[in-house]
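Comments concern the structure below.
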Amino acid sequence: ASFSATVSPAQAAAARYTAKLSTAVEAPARKVVNGVVWNCTGDTCTGAVDGARPLNTCAKVVKAFGPVASFTTPKGELSAEDLQSCNAA
């Protein structure tokens, strides 16, 4: 069997961050964060993985949209400690 390390376009498109805002946006919002377009509707924002450390991206999302209640990466959610750091940045 051969094992390939390539990522298909479908898998790449699925590599997204999701942020749950502490306070929902009043109207759908779209901003560029770390060179990636983030879309927010209600209390949920999503953006493609940008190559930066998740904590750095989270902090930039907080600056753009406000405090987050959770921040999920393709590998899982940030810990409570990381979330506190993200919101304090």
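Residue names in the structure tokens use chain letters A, B, ... in the order shown, residue numbers from 1 in each chain, and ligand numbers from 1 in the order shown.
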Run DSSP on the backbone and give me the residues of chain A it puts in alpha helix (DSSP H), as a VMD selection string.
-> chain A and resid 9 to 14 54 to 65 80 to 88
Closest pair table for region 36-59 of chain A residues within 10 Å of region 72-77 of chain A, only C-alpha atoms, as JSON lines:
{"residue": "A:Thr46", "atom": "CA", "partner": "A:Thr72", "partner_atom": "CA", "distance": 9.5}
{"residue": "A:Ala48", "atom": "CA", "partner": "A:Thr73", "partner_atom": "CA", "distance": 9.7}
{"residue": "A:Val49", "atom": "CA", "partner": "A:Thr73", "partner_atom": "CA", "distance": 8.0}
{"residue": "A:Pro54", "atom": "CA", "partner": "A:Thr73", "partner_atom": "CA", "distance": 7.1}
{"residue": "A:Leu55", "atom": "CA", "partner": "A:Thr73", "partner_atom": "CA", "distance": 9.9}
{"residue": "A:Cys58", "atom": "CA", "partner": "A:Thr72", "partner_atom": "CA", "distance": 9.3}
Mind giving me the straight-line distance from CA of Glu81 (chain A) to CA of Ala59 (chain A) in Å, one decimal?
-> 13.1 Å
Who sits within 8 Å of Cys45 (chain A), only C-alpha atoms, same chain under 4 positions skipped, as an NGL selection string | :A and (18-21 or 38-41)
Writing out the chosen residues with N, CA and C atoms as a PDB file, in the first residue's frame:
ATOM      1  N   THR A  18     -13.296  27.862  13.607  1.00  0.00           N
ATOM      2  CA  THR A  18     -14.632  28.352  13.945  1.00  0.00           C
ATOM      3  C   THR A  18     -14.555  29.032  15.299  1.00  0.00           C
ATOM      4  N   ALA A  19     -15.053  30.250  15.365  1.00  0.00           N
ATOM      5  CA  ALA A  19     -15.096  30.988  16.626  1.00  0.00           C
ATOM      6  C   ALA A  19     -16.554  31.224  17.002  1.00  0.00           C
ATOM      7  N   LYS A  20     -16.885  30.945  18.260  1.00  0.00           N
ATOM      8  CA  LYS A  20     -18.214  31.279  18.791  1.00  0.00           C
ATOM      9  C   LYS A  20     -18.022  32.570  19.573  1.00  0.00           C
ATOM     10  N   LEU A  21     -18.701  33.615  19.151  1.00  0.00           N
ATOM     11  CA  LEU A  21     -18.563  34.912  19.813  1.00  0.00           C
ATOM     12  C   LEU A  21     -19.337  34.938  21.124  1.00  0.00           C
ATOM     13  N   TRP A  38     -12.856  36.139   6.973  1.00  0.00           N
ATOM     14  CA  TRP A  38     -13.691  35.548   8.024  1.00  0.00           C
ATOM     15  C   TRP A  38     -15.114  36.048   7.836  1.00  0.00           C
ATOM     16  N   ASN A  39     -16.073  35.133   7.943  1.00  0.00           N
ATOM     17  CA  ASN A  39     -17.489  35.473   7.843  1.00  0.00           C
ATOM     18  C   ASN A  39     -18.161  35.181   9.170  1.00  0.00           C
ATOM     19  N   CYS A  40     -18.919  36.151   9.673  1.00  0.00           N
ATOM     20  CA  CYS A  40     -19.643  35.978  10.926  1.00  0.00           C
ATOM     21  C   CYS A  40     -21.133  36.178  10.695  1.00  0.00           C
ATOM     22  N   THR A  41     -21.915  35.280  11.249  1.00  0.00           N
ATOM     23  CA  THR A  41     -23.371  35.393  11.241  1.00  0.00           C
ATOM     24  C   THR A  41     -23.835  34.993  12.628  1.00  0.00           C
TER      25      THR A  41
END
Please, what distance in Å, to one decimal, runs between CA of Ala89 (chain A) and CA of Asp43 (chain A)?
-> 19.9 Å
Using DSSP on the backbone coordinates, identify all residues within chain A classified as strand (DSSP E or B); present the result as a ChimeraX atom specification.
-> /A:16-21,29-33,36-41,44-48,68-73,76-77
Could you write those residues out with C-alpha atoms, as a tab-separated table (two decimals), in the first residue's frame?
chain	number	residue	atom	x	y	z
A	16	ARG	CA	-11.27	25.85	8.94
A	17	TYR	CA	-11.31	27.66	12.24
A	18	THR	CA	-14.63	28.35	13.95
A	19	ALA	CA	-15.10	30.99	16.63
A	20	LYS	CA	-18.21	31.28	18.79
A	21	LEU	CA	-18.56	34.91	19.81
A	29	ALA	CA	-19.98	40.62	9.02
A	30	ARG	CA	-17.03	39.87	6.78
A	31	LYS	CA	-13.47	40.96	7.57
A	32	VAL	CA	-9.98	39.93	6.53
A	33	VAL	CA	-8.07	38.50	9.50
A	36	VAL	CA	-7.99	35.22	5.34
A	37	VAL	CA	-11.63	36.23	4.90
A	38	TRP	CA	-13.69	35.55	8.02
A	39	ASN	CA	-17.49	35.47	7.84
A	40	CYS	CA	-19.64	35.98	10.93
A	41	THR	CA	-23.37	35.39	11.24
A	44	THR	CA	-20.52	32.07	14.75
A	45	CYS	CA	-17.49	33.12	12.70
A	46	THR	CA	-15.50	30.92	10.33
A	47	GLY	CA	-12.27	31.36	8.42
A	48	ALA	CA	-9.80	29.15	6.61
A	68	VAL	CA	-15.00	34.58	21.88
A	69	ALA	CA	-16.67	31.86	23.98
A	70	SER	CA	-14.87	29.11	22.03
A	71	PHE	CA	-12.35	28.75	19.22
A	72	THR	CA	-12.18	25.48	17.32
A	73	THR	CA	-9.36	24.34	15.04
A	76	GLY	CA	-10.11	20.53	18.37
A	77	GLU	CA	-11.06	23.39	20.67
Could you tell me how far CA of Lys63 (chain A) lies from CA of Asp82 (chain A), in Å and to one decimal?
->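 Pair CA of Lys63 (chain A) / CA of Asp82 (chain A) returns 15.6 Å.
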